[in-house]
Each structure stands twice: as structure tokens, then as C-alpha cells.
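Below is input_23.cif, which holds mmCIF, C-alpha atoms and all ligand atoms.
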data_target
#
loop_
_atom_site.group_PDB
_atom_site.id
_atom_site.type_symbol
_atom_site.label_atom_id
_atom_site.label_comp_id
_atom_site.auth_asym_id
_atom_site.auth_seq_id
_atom_site.Cartn_x
_atom_site.Cartn_y
_atom_site.Cartn_z
ATOM 1 C CA MET A 1 67.812 -16.399 -0.953
ATOM 2 C CA ASN A 2 64.370 -14.937 -0.942
ATOM 3 C CA LYS A 3 61.984 -17.123 -2.931
ATOM 4 C CA ASP A 4 58.752 -18.827 -1.863
ATOM 5 C CA ARG A 5 59.808 -22.034 -3.586
ATOM 6 C CA LYS A 6 62.345 -24.149 -1.683
ATOM 7 C CA LEU A 7 65.441 -24.853 -3.756
ATOM 8 C CA ILE A 8 65.928 -28.444 -4.842
ATOM 9 C CA ILE A 9 69.386 -29.558 -5.903
ATOM 10 C CA ALA A 10 69.812 -33.079 -7.249
ATOM 11 C CA GLY A 11 72.879 -35.037 -8.258
ATOM 12 C CA ASN A 12 72.410 -37.220 -11.319
ATOM 13 C CA TRP A 13 75.227 -39.708 -11.056
ATOM 14 C CA LYS A 14 74.392 -41.232 -14.441
ATOM 15 C CA MET A 15 76.312 -44.498 -15.100
ATOM 16 C CA ASN A 16 78.985 -43.829 -12.496
ATOM 17 C CA LYS A 17 79.964 -45.298 -9.103
ATOM 18 C CA THR A 18 80.305 -48.839 -7.868
ATOM 19 C CA VAL A 19 78.676 -49.549 -4.497
ATOM 20 C CA ALA A 20 81.924 -48.829 -2.656
ATOM 21 C CA GLU A 21 82.431 -45.560 -4.529
ATOM 22 C CA ALA A 22 78.819 -44.563 -3.978
ATOM 23 C CA LEU A 23 79.110 -45.121 -0.228
ATOM 24 C CA ASP A 24 82.289 -43.119 -0.141
ATOM 25 C CA LEU A 25 80.596 -40.196 -1.850
ATOM 26 C CA VAL A 26 77.573 -40.325 0.449
ATOM 27 C CA ARG A 27 79.796 -40.456 3.518
ATOM 28 C CA GLY A 28 81.458 -37.241 2.340
ATOM 29 C CA LEU A 29 78.153 -35.540 1.545
ATOM 30 C CA LYS A 30 76.709 -36.378 4.954
ATOM 31 C CA ILE A 31 79.629 -34.688 6.660
ATOM 32 C CA GLU A 32 79.677 -31.631 4.400
ATOM 33 C CA LEU A 33 75.923 -31.061 4.305
ATOM 34 C CA ALA A 34 74.807 -32.137 7.781
ATOM 35 C CA ASN A 35 73.519 -28.683 8.724
ATOM 36 C CA VAL A 36 71.798 -27.688 5.496
ATOM 37 C CA LYS A 37 68.034 -27.288 5.933
ATOM 38 C CA GLU A 38 67.307 -24.600 3.360
ATOM 39 C CA VAL A 39 67.616 -26.849 0.314
ATOM 40 C CA ASP A 40 66.026 -30.174 -0.666
ATOM 41 C CA ILE A 41 69.051 -32.330 -1.476
ATOM 42 C CA VAL A 42 68.640 -35.398 -3.683
ATOM 43 C CA VAL A 43 71.135 -38.024 -4.849
ATOM 44 C CA CYS A 44 70.323 -40.260 -7.821
ATOM 45 C CA PRO A 45 72.734 -43.205 -7.887
ATOM 46 C CA PRO A 46 72.588 -46.084 -10.372
ATOM 47 C CA TYR A 47 70.101 -48.846 -9.399
ATOM 48 C CA THR A 48 72.902 -51.166 -8.310
ATOM 49 C CA ALA A 49 73.848 -48.821 -5.468
ATOM 50 C CA LEU A 50 70.283 -48.021 -4.331
ATOM 51 C CA ALA A 51 70.076 -50.505 -1.474
ATOM 52 C CA ASP A 52 73.338 -49.451 0.127
ATOM 53 C CA VAL A 53 72.873 -45.725 -0.450
ATOM 54 C CA SER A 54 69.340 -45.982 0.881
ATOM 55 C CA ARG A 55 70.660 -47.344 4.190
ATOM 56 C CA ALA A 56 73.446 -44.780 4.275
ATOM 57 C CA VAL A 57 71.129 -41.771 3.916
ATOM 58 C CA LEU A 58 68.487 -42.988 6.396
ATOM 59 C CA ASP A 59 69.552 -40.702 9.214
ATOM 60 C CA SER A 60 70.421 -37.710 7.057
ATOM 61 C CA ASN A 61 68.973 -34.792 5.096
ATOM 62 C CA LEU A 62 69.827 -36.489 1.780
ATOM 63 C CA ARG A 63 66.856 -37.838 -0.186
ATOM 64 C CA LEU A 64 67.038 -40.603 -2.723
ATOM 65 C CA GLY A 65 66.143 -40.478 -6.403
ATOM 66 C CA THR A 66 66.605 -42.688 -9.440
ATOM 67 C CA GLN A 67 67.396 -41.908 -13.040
ATOM 68 C CA ASN A 68 64.448 -43.670 -14.678
ATOM 69 C CA MET A 69 61.441 -45.904 -13.959
ATOM 70 C CA SER A 70 59.135 -48.151 -15.966
ATOM 71 C CA GLU A 71 55.682 -46.895 -16.880
ATOM 72 C CA HIS A 72 54.418 -50.435 -16.080
ATOM 73 C CA ASN A 73 53.726 -51.815 -12.611
ATOM 74 C CA VAL A 74 54.781 -55.438 -13.021
ATOM 75 C CA GLY A 75 55.337 -58.158 -15.613
ATOM 76 C CA ALA A 76 57.293 -59.181 -18.681
ATOM 77 C CA PHE A 77 59.441 -56.087 -19.256
ATOM 78 C CA THR A 78 63.023 -57.327 -19.352
ATOM 79 C CA GLY A 79 65.523 -54.925 -17.838
ATOM 80 C CA GLU A 80 62.914 -52.546 -16.425
ATOM 81 C CA ILE A 81 62.338 -51.408 -12.830
ATOM 82 C CA ALA A 82 58.871 -50.729 -11.364
ATOM 83 C CA SER A 83 57.791 -48.138 -8.809
ATOM 84 C CA VAL A 84 57.052 -50.749 -6.124
ATOM 85 C CA MET A 85 60.696 -51.883 -6.349
ATOM 86 C CA LEU A 86 61.977 -48.336 -5.917
ATOM 87 C CA LYS A 87 59.726 -47.754 -2.938
ATOM 88 C CA GLU A 88 61.379 -50.664 -1.143
ATOM 89 C CA PHE A 89 64.466 -48.449 -0.980
ATOM 90 C CA SER A 90 62.679 -45.275 0.169
ATOM 91 C CA VAL A 91 63.145 -43.578 -3.175
ATOM 92 C CA ARG A 92 61.302 -40.231 -3.320
ATOM 93 C CA TYR A 93 62.200 -38.768 -6.724
ATOM 94 C CA VAL A 94 62.532 -40.156 -10.255
ATOM 95 C CA ILE A 95 64.333 -38.359 -13.081
ATOM 96 C CA LEU A 96 62.381 -38.827 -16.311
ATOM 97 C CA GLY A 97 63.107 -37.981 -19.934
ATOM 98 C CA HIS A 98 66.713 -36.995 -19.494
ATOM 99 C CA SER A 99 68.106 -35.891 -22.859
ATOM 100 C CA GLU A 100 70.459 -38.884 -22.840
ATOM 101 C CA ARG A 101 67.447 -41.220 -22.627
ATOM 102 C CA ARG A 102 65.548 -39.177 -25.197
ATOM 103 C CA GLN A 103 68.581 -39.554 -27.496
ATOM 104 C CA TYR A 104 69.870 -43.100 -26.824
ATOM 105 C CA GLN A 105 66.678 -44.876 -25.743
ATOM 106 C CA LYS A 106 64.476 -42.822 -28.064
ATOM 107 C CA GLU A 107 62.116 -41.863 -25.256
ATOM 108 C CA SER A 108 59.241 -39.772 -26.541
ATOM 109 C CA ASP A 109 57.193 -37.103 -24.798
ATOM 110 C CA ALA A 110 54.233 -39.494 -24.795
ATOM 111 C CA LEU A 111 56.247 -42.204 -23.026
ATOM 112 C CA ILE A 112 57.607 -39.701 -20.512
ATOM 113 C CA ALA A 113 54.040 -38.571 -19.767
ATOM 114 C CA LYS A 114 53.049 -42.199 -19.049
ATOM 115 C CA LYS A 115 56.044 -42.583 -16.760
ATOM 116 C CA ALA A 116 55.217 -39.323 -14.976
ATOM 117 C CA ALA A 117 51.690 -40.620 -14.334
ATOM 118 C CA ALA A 118 53.120 -43.895 -12.960
ATOM 119 C CA VAL A 119 55.538 -42.000 -10.709
ATOM 120 C CA HIS A 120 52.681 -39.948 -9.245
ATOM 121 C CA ALA A 121 50.463 -43.008 -8.906
ATOM 122 C CA ALA A 122 53.182 -44.430 -6.640
ATOM 123 C CA SER A 123 53.294 -41.176 -4.617
ATOM 124 C CA LEU A 124 56.805 -40.420 -5.824
ATOM 125 C CA LYS A 125 57.864 -37.134 -7.420
ATOM 126 C CA PRO A 126 59.058 -36.956 -11.030
ATOM 127 C CA ILE A 127 61.841 -34.661 -12.181
ATOM 128 C CA VAL A 128 60.875 -34.207 -15.821
ATOM 129 C CA CYS A 129 63.715 -33.051 -18.077
ATOM 130 C CA VAL A 130 63.313 -30.817 -21.109
ATOM 131 C CA GLY A 131 65.842 -28.964 -23.242
ATOM 132 C CA GLU A 132 66.792 -27.928 -26.742
ATOM 133 C CA THR A 133 69.835 -28.916 -28.804
ATOM 134 C CA LEU A 134 72.368 -26.420 -30.095
ATOM 135 C CA THR A 135 70.963 -26.654 -33.631
ATOM 136 C CA GLU A 136 67.489 -25.940 -32.299
ATOM 137 C CA ARG A 137 68.682 -22.929 -30.287
ATOM 138 C CA GLU A 138 70.683 -21.532 -33.168
ATOM 139 C CA GLY A 139 67.737 -22.084 -35.503
ATOM 140 C CA GLY A 140 65.485 -20.013 -33.230
ATOM 141 C CA GLN A 141 63.457 -23.097 -32.300
ATOM 142 C CA THR A 142 64.036 -23.092 -28.534
ATOM 143 C CA GLU A 143 60.559 -21.960 -27.485
ATOM 144 C CA LYS A 144 58.795 -24.184 -29.987
ATOM 145 C CA VAL A 145 60.788 -27.261 -28.890
ATOM 146 C CA LEU A 146 60.256 -26.546 -25.197
ATOM 147 C CA ALA A 147 56.550 -25.862 -25.620
ATOM 148 C CA THR A 148 56.168 -29.249 -27.334
ATOM 149 C CA GLN A 149 58.233 -31.091 -24.708
ATOM 150 C CA VAL A 150 56.449 -29.397 -21.794
ATOM 151 C CA SER A 151 52.937 -30.040 -23.081
ATOM 152 C CA GLY A 152 53.781 -33.571 -24.283
ATOM 153 C CA SER A 153 55.760 -34.817 -21.271
ATOM 154 C CA LEU A 154 53.327 -33.413 -18.696
ATOM 155 C CA ALA A 155 50.146 -34.335 -20.523
ATOM 156 C CA GLY A 156 47.420 -35.873 -18.388
ATOM 157 C CA LEU A 157 48.725 -34.808 -14.978
ATOM 158 C CA SER A 158 46.202 -33.306 -12.594
ATOM 159 C CA LYS A 159 46.836 -29.819 -11.213
ATOM 160 C CA ASP A 160 47.837 -31.274 -7.853
ATOM 161 C CA GLN A 161 50.241 -33.702 -9.505
ATOM 162 C CA MET A 162 51.749 -30.936 -11.617
ATOM 163 C CA ALA A 163 52.339 -28.760 -8.575
ATOM 164 C CA GLU A 164 54.372 -31.641 -7.082
ATOM 165 C CA THR A 165 56.306 -32.254 -10.289
ATOM 166 C CA ILE A 166 59.795 -30.849 -10.715
ATOM 167 C CA VAL A 167 60.818 -29.705 -14.177
ATOM 168 C CA ALA A 168 64.511 -29.680 -15.098
ATOM 169 C CA TYR A 169 65.547 -27.381 -17.912
ATOM 170 C CA GLU A 170 68.711 -28.860 -19.369
ATOM 171 C CA PRO A 171 69.874 -27.300 -22.631
ATOM 172 C CA VAL A 172 71.458 -30.275 -24.402
ATOM 173 C CA TRP A 173 74.383 -28.130 -25.578
ATOM 174 C CA ALA A 174 75.296 -27.350 -21.964
ATOM 175 C CA ILE A 175 75.394 -30.946 -20.688
ATOM 176 C CA GLY A 176 78.900 -32.171 -19.978
ATOM 177 C CA THR A 177 80.362 -29.531 -22.289
ATOM 178 C CA GLY A 178 81.504 -26.933 -19.780
ATOM 179 C CA LYS A 179 79.207 -24.458 -21.545
ATOM 180 C CA THR A 180 76.520 -23.042 -19.304
ATOM 181 C CA ALA A 181 73.547 -20.994 -20.344
ATOM 182 C CA THR A 182 74.087 -17.409 -19.263
ATOM 183 C CA THR A 183 72.038 -16.429 -16.242
ATOM 184 C CA ALA A 184 69.912 -14.282 -18.541
ATOM 185 C CA GLN A 185 69.309 -17.203 -20.916
ATOM 186 C CA ALA A 186 68.451 -19.471 -18.002
ATOM 187 C CA GLN A 187 66.029 -16.982 -16.423
ATOM 188 C CA GLU A 188 64.351 -16.198 -19.727
ATOM 189 C CA THR A 189 63.875 -19.863 -20.580
ATOM 190 C CA HIS A 190 62.687 -20.826 -17.100
ATOM 191 C CA ALA A 191 60.135 -17.995 -17.201
ATOM 192 C CA PHE A 192 58.978 -19.274 -20.587
ATOM 193 C CA ILE A 193 58.531 -22.808 -19.212
ATOM 194 C CA ARG A 194 56.578 -21.443 -16.235
ATOM 195 C CA ARG A 195 54.284 -19.508 -18.591
ATOM 196 C CA GLN A 196 53.633 -22.721 -20.529
ATOM 197 C CA ILE A 197 52.715 -24.495 -17.295
ATOM 198 C CA ALA A 198 50.363 -21.617 -16.415
ATOM 199 C CA LYS A 199 48.672 -21.988 -19.810
ATOM 200 C CA LEU A 200 48.359 -25.774 -19.513
ATOM 201 C CA PHE A 201 47.339 -25.852 -15.840
ATOM 202 C CA ASP A 202 46.897 -22.508 -14.077
ATOM 203 C CA GLU A 203 48.818 -19.632 -12.503
ATOM 204 C CA THR A 204 48.718 -21.077 -8.987
ATOM 205 C CA VAL A 205 50.179 -24.374 -10.159
ATOM 206 C CA ALA A 206 52.826 -22.578 -12.229
ATOM 207 C CA ARG A 207 53.873 -20.499 -9.221
ATOM 208 C CA ARG A 208 54.341 -23.658 -7.143
ATOM 209 C CA VAL A 209 56.308 -25.764 -9.647
ATOM 210 C CA ARG A 210 60.028 -25.896 -9.058
ATOM 211 C CA ILE A 211 62.163 -25.601 -12.181
ATOM 212 C CA GLN A 212 65.761 -26.773 -11.934
ATOM 213 C CA TYR A 213 68.556 -25.734 -14.257
ATOM 214 C CA GLY A 214 70.995 -28.381 -15.488
ATOM 215 C CA GLY A 215 74.064 -28.302 -17.695
ATOM 216 C CA SER A 216 77.634 -27.789 -16.461
ATOM 217 C CA VAL A 217 76.525 -26.453 -13.077
ATOM 218 C CA LYS A 218 79.564 -26.056 -10.819
ATOM 219 C CA PRO A 219 80.464 -24.242 -7.610
ATOM 220 C CA SER A 220 81.599 -21.162 -9.537
ATOM 221 C CA ASN A 221 78.310 -20.577 -11.396
ATOM 222 C CA ALA A 222 75.684 -22.126 -9.106
ATOM 223 C CA ARG A 223 74.949 -19.094 -6.956
ATOM 224 C CA GLU A 224 74.357 -16.745 -9.851
ATOM 225 C CA LEU A 225 72.147 -19.229 -11.692
ATOM 226 C CA MET A 226 70.036 -19.987 -8.652
ATOM 227 C CA SER A 227 69.660 -16.333 -7.735
ATOM 228 C CA GLN A 228 67.435 -15.924 -10.794
ATOM 229 C CA LEU A 229 63.760 -15.517 -10.014
ATOM 230 C CA ASP A 230 62.561 -18.607 -11.884
ATOM 231 C CA VAL A 231 65.528 -20.909 -11.223
ATOM 232 C CA ASP A 232 64.581 -23.084 -8.255
ATOM 233 C CA GLY A 233 67.500 -25.439 -8.061
ATOM 234 C CA ALA A 234 69.867 -27.502 -10.134
ATOM 235 C CA LEU A 235 70.255 -30.931 -11.656
ATOM 236 C CA VAL A 236 73.961 -31.614 -11.497
ATOM 237 C CA GLY A 237 75.924 -34.230 -13.439
ATOM 238 C CA GLY A 238 79.723 -34.205 -13.382
ATOM 239 C CA ALA A 239 80.086 -31.924 -10.363
ATOM 240 C CA ALA A 240 77.808 -34.221 -8.325
ATOM 241 C CA LEU A 241 80.340 -37.039 -8.463
ATOM 242 C CA GLU A 242 82.583 -35.491 -5.812
ATOM 243 C CA ALA A 243 81.459 -34.603 -2.312
ATOM 244 C CA ARG A 244 83.325 -31.322 -2.248
ATOM 245 C CA SER A 245 82.009 -29.871 -5.500
ATOM 246 C CA PHE A 246 78.392 -31.000 -4.962
ATOM 247 C CA SER A 247 78.435 -29.638 -1.399
ATOM 248 C CA ASP A 248 79.953 -26.365 -2.542
ATOM 249 C CA ILE A 249 77.188 -25.967 -5.135
ATOM 250 C CA ILE A 250 74.575 -26.457 -2.416
ATOM 251 C CA LYS A 251 76.230 -24.240 0.164
ATOM 252 C CA SER A 252 76.857 -21.448 -2.326
ATOM 253 C CA SER A 253 73.178 -21.366 -3.301
ATOM 254 C CA ILE A 254 71.866 -20.731 0.228
HETATM 255 P P1 LIG B 301 76.667 -31.980 -16.322
HETATM 256 O O1 LIG B 301 76.447 -31.261 -15.009
HETATM 257 O O2 LIG B 301 77.774 -32.963 -16.280
HETATM 258 O O3 LIG B 301 76.760 -31.010 -17.472
HETATM 259 O O4 LIG B 301 75.350 -32.858 -16.585
HETATM 260 C C1 LIG B 301 74.106 -32.256 -16.453
HETATM 261 C C2 LIG B 301 73.078 -33.312 -16.486
HETATM 262 O O5 LIG B 301 72.841 -33.939 -17.506
HETATM 263 C C3 LIG B 301 72.355 -33.596 -15.236
HETATM 264 O O6 LIG B 301 71.245 -34.398 -15.471
#
Can you give me the file's structure in the form of C-alpha cells?
Amino acid sequence: MNKDRKLIIAGNWKMNKTVAEALDLVRGLKIELANVKEVDIVVCPPYTALADVSRAVLDSNLRLGTQNMSEHNVGAFTGEIASVMLKEFSVRYVILGHSERRQYQKESDALIAKKAAAVHAASLKPIVCVGETLTEREGGQTEKVLATQVSGSLAGLSKDQMAETIVAYEPVWAIGTGKTATTAQAQETHAFIRRQIAKLFDETVARRVRIQYGGSVKPSNARELMSQLDVDGALVGGAALEARSFSDIIKSSI
């Protein structure tokens, strides 16, 4: 596919996979995807599988990500994980502000912005998630909601940091529902997000930022979604839990 931005496709495993299951999945992915160079491929297992998955992907084209990180570096923050701990396992990417964390852990844009700053300070790359709910879309609020999330969650980043940040557009109504945004909806919304980034930073930064689409991505719709001008990859949930379907998504997008 002919775009200047390299596609980045990440699997968000959410709260799935024991260590044995995680290793099984990675073994399958390494075989299926051994020859893929055109796409940045990222797997984001739960923390408990990081050490083993990290060893398993060492000699491969799979990169490691996590699903969250603390905004603090060290100290009395029960249950939290700091950047220095992730770096011990060669983590490169950190998903931030997923709609499930915004909903269940009440993460705010301001908190996500602090986390994004901490991720960059550790020389890791954040994947910052934004997306509207069904009520917001049906109420004509999509652009307003996204503009607020984009400016709030990316506040304080330098231009260089922003250019290295990945944004994931995940309409909440499309996550785990089998409903996907149409390719036209995805393209239109991605272009809107890119325009917001241009306003907040500048055109050059906006042209460099990779914007992933997420929400019921599967082998049958991946190619069409990623053929859109402003769709630079995917953040995949359910279909990333099996080697065959995640590999097919990646191969079909090349
Ligand atoms: P599904 O692909 O299962 O809809 O999940 C998308 C998602 O939330 C990825 O972060």
C-alpha cells in the first residue's frame, strides 16, 4: 500500500492469556509473520506474561507493548507499574487511555496526558486511545468529543514527542460488538483527528503521526479500512487472540 507512514498493527490482548497461552500465541505469530517487514507489529500481553513473551519475541519482528503504565516513576502506588519496570522487558509501546480504562478506572484526559509524558520521558512510544460512544455519535457530538480528547490527552507533548506518538481511534460502539465503522466513517474521523493535531502542533507533525483504527477489526475488513488515506494501522482486540486471525489481518493489509 502506498503511504509514507509505515502501518502499525497492534494486538491488545486485554485481560486474556495465561503465560502458557501467551507463549502458544506468540509461537504461532512468529511462524505466520516471519517474513513481514512492511508493517510494525506489536503485541500487548497482560503484565504477568511480559517476561516470557519478551524472551520469546527477542529474535523476531514482533515488538512488545503494554496496556497501561503509571504516570509516576517509583514509590507508594499500590498495584501500579512504572516505566523502568517495563523497560526491563524491552517494552517499546504503551497503550494509554483505552476506553475500558476511561470507563472502569475513570481515567481522565489530564491523567492520560501525564502518562503520555512519562512514556516519552522513558523513551517509549504511547498509543493514545480516543473515541466516542454511540450516544455521542448519534447526538452529533463526535467531533466535539474527539477534539476534547485529542487536545486533553496530548496536552504538553513537544512536537517531536507528538510525531512519535501513535493515536488509536476506537469508536466505543465498535469495540467487541462486531460493528465496525464504515471505511468512510473511519477515514472521515481519522482526517478530523489529523486536522486537530495540525492545529495543536503543526502540519509536519500531523503528517507524521500514525493513527490506528480499532473496533471489531478482523481479516475480512482490515484491508479496506487500512487502505484509507488517513488510517495507518489497527489496534485489534478479539481477533488478536488467535495467531491465524491476527496474522491474516496483518498480511491482508500489506
Ligand atoms: P475488538 O477488536 O475486540 O473490538 O477490540 C478493540 C479494542 O478495544 C482494541 O483495543
Checklist line | Neighbourhood of ligand LIG 301 (chain B) at 8 Å, counting all atoms listed in the file, reported as a PyMOL selection string | finding: chain A and resi 11-14+98-100+170+172+174-178+214-218+235-240
Note to self: Distance cut-off 7 Å, centre (75.0, -13.8, -12.1) in file coordinates, counting all atoms listed in the file: which residues qualify? Return them as a ChimeraX atom specification.
What the structure shows: /A:183,224-225
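The residue that comes closest to Gln67 in chain A, out of A:Asn16, A:Gln141, A:Asn35, A:Gln228 and on the basis of all atoms listed in the file, is A:Asn16.
Among the candidate residues A:Thr48, A:Asn61, A:Ser245, A:Ser227, the one lying nearest to Leu33 in chain A is A:Asn61, with distances computed using all atoms listed in the file.
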Notebook entry, point to check: Which distance in Å separates CA of Ala122 in chain A and CA of Asn73 in chain A, to one decimal?
Noted result: 9.5 Å
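You will find CA of Ile41 in chain A at 18.4 Å from CA of Asp230 in chain A.
Distances here use only C-alpha atoms; by that measure, the residue among A:Ser54, A:Ile81, A:Ile9, A:Leu200 closest to Ala168 in chain A is A:Ile9.
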Note to self: I need the output of the PyMOL selection byres (((chain A and resi 52) around 12) and not hetatm) for this file as a PyMOL selection string; which residues are they?
What the structure shows: chain A and resi 18-27+45-51+53-58+64+89-90
Export of prior selection with C-alpha atoms as a PDB file, keeping the file's coordinate frame:
ATOM      1  CA  THR A  18      80.305 -48.839  -7.868  1.00  0.00           C
ATOM      2  CA  VAL A  19      78.676 -49.549  -4.497  1.00  0.00           C
ATOM      3  CA  ALA A  20      81.924 -48.829  -2.656  1.00  0.00           C
ATOM      4  CA  GLU A  21      82.431 -45.560  -4.529  1.00  0.00           C
ATOM      5  CA  ALA A  22      78.819 -44.563  -3.978  1.00  0.00           C
ATOM      6  CA  LEU A  23      79.110 -45.121  -0.228  1.00  0.00           C
ATOM      7  CA  ASP A  24      82.289 -43.119  -0.141  1.00  0.00           C
ATOM      8  CA  LEU A  25      80.596 -40.196  -1.850  1.00  0.00           C
ATOM      9  CA  VAL A  26      77.573 -40.325   0.449  1.00  0.00           C
ATOM     10  CA  ARG A  27      79.796 -40.456   3.518  1.00  0.00           C
ATOM     11  CA  PRO A  45      72.734 -43.205  -7.887  1.00  0.00           C
ATOM     12  CA  PRO A  46      72.588 -46.084 -10.372  1.00  0.00           C
ATOM     13  CA  TYR A  47      70.101 -48.846  -9.399  1.00  0.00           C
ATOM     14  CA  THR A  48      72.902 -51.166  -8.310  1.00  0.00           C
ATOM     15  CA  ALA A  49      73.848 -48.821  -5.468  1.00  0.00           C
ATOM     16  CA  LEU A  50      70.283 -48.021  -4.331  1.00  0.00           C
ATOM     17  CA  ALA A  51      70.076 -50.505  -1.474  1.00  0.00           C
ATOM     18  CA  VAL A  53      72.873 -45.725  -0.450  1.00  0.00           C
ATOM     19  CA  SER A  54      69.340 -45.982   0.881  1.00  0.00           C
ATOM     20  CA  ARG A  55      70.660 -47.344   4.190  1.00  0.00           C
ATOM     21  CA  ALA A  56      73.446 -44.780   4.275  1.00  0.00           C
ATOM     22  CA  VAL A  57      71.129 -41.771   3.916  1.00  0.00           C
ATOM     23  CA  LEU A  58      68.487 -42.988   6.396  1.00  0.00           C
ATOM     24  CA  LEU A  64      67.038 -40.603  -2.723  1.00  0.00           C
ATOM     25  CA  PHE A  89      64.466 -48.449  -0.980  1.00  0.00           C
ATOM     26  CA  SER A  90      62.679 -45.275   0.169  1.00  0.00           C
TER      27      SER A  90
END
Name the residues, using the chain letters and numbers of the file, that sit within 12 Å of (69.1, -41.0, -22.9) when counting all atoms listed in the file, and give them as a PDB file with C-alpha atoms, keeping the file's coordinate frame.
ATOM      1  CA  LYS A  14      74.392 -41.232 -14.441  1.00  0.00           C
ATOM      2  CA  MET A  15      76.312 -44.498 -15.100  1.00  0.00           C
ATOM      3  CA  GLN A  67      67.396 -41.908 -13.040  1.00  0.00           C
ATOM      4  CA  ASN A  68      64.448 -43.670 -14.678  1.00  0.00           C
ATOM      5  CA  ILE A  95      64.333 -38.359 -13.081  1.00  0.00           C
ATOM      6  CA  LEU A  96      62.381 -38.827 -16.311  1.00  0.00           C
ATOM      7  CA  GLY A  97      63.107 -37.981 -19.934  1.00  0.00           C
ATOM      8  CA  HIS A  98      66.713 -36.995 -19.494  1.00  0.00           C
ATOM      9  CA  SER A  99      68.106 -35.891 -22.859  1.00  0.00           C
ATOM     10  CA  GLU A 100      70.459 -38.884 -22.840  1.00  0.00           C
ATOM     11  CA  ARG A 101      67.447 -41.220 -22.627  1.00  0.00           C
ATOM     12  CA  ARG A 102      65.548 -39.177 -25.197  1.00  0.00           C
ATOM     13  CA  GLN A 103      68.581 -39.554 -27.496  1.00  0.00           C
ATOM     14  CA  TYR A 104      69.870 -43.100 -26.824  1.00  0.00           C
ATOM     15  CA  GLN A 105      66.678 -44.876 -25.743  1.00  0.00           C
ATOM     16  CA  LYS A 106      64.476 -42.822 -28.064  1.00  0.00           C
ATOM     17  CA  GLU A 107      62.116 -41.863 -25.256  1.00  0.00           C
ATOM     18  CA  SER A 108      59.241 -39.772 -26.541  1.00  0.00           C
ATOM     19  CA  ILE A 112      57.607 -39.701 -20.512  1.00  0.00           C
ATOM     20  CA  CYS A 129      63.715 -33.051 -18.077  1.00  0.00           C
ATOM     21  CA  VAL A 130      63.313 -30.817 -21.109  1.00  0.00           C
ATOM     22  CA  VAL A 172      71.458 -30.275 -24.402  1.00  0.00           C
TER      23      VAL A 172
END
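Proximity to Glu38 in chain A was assessed for A:Lys17, A:Lys6, A:Arg63, A:His72 counting all atoms listed in the file; the smallest distance is recorded for A:Lys6.
The space between CA of Gln212 in chain A and CA of Ile8 in chain A spans 7.3 Å.
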Notebook entry, point to check: Got a sec: who's within 6 Å of Ala243 in chain A, counting all atoms listed in the file, leaving out chain neighbours fewer than 4 positions off, as JSON, numbers by chain?
Noted result: {"A": [25, 28, 29, 247]}
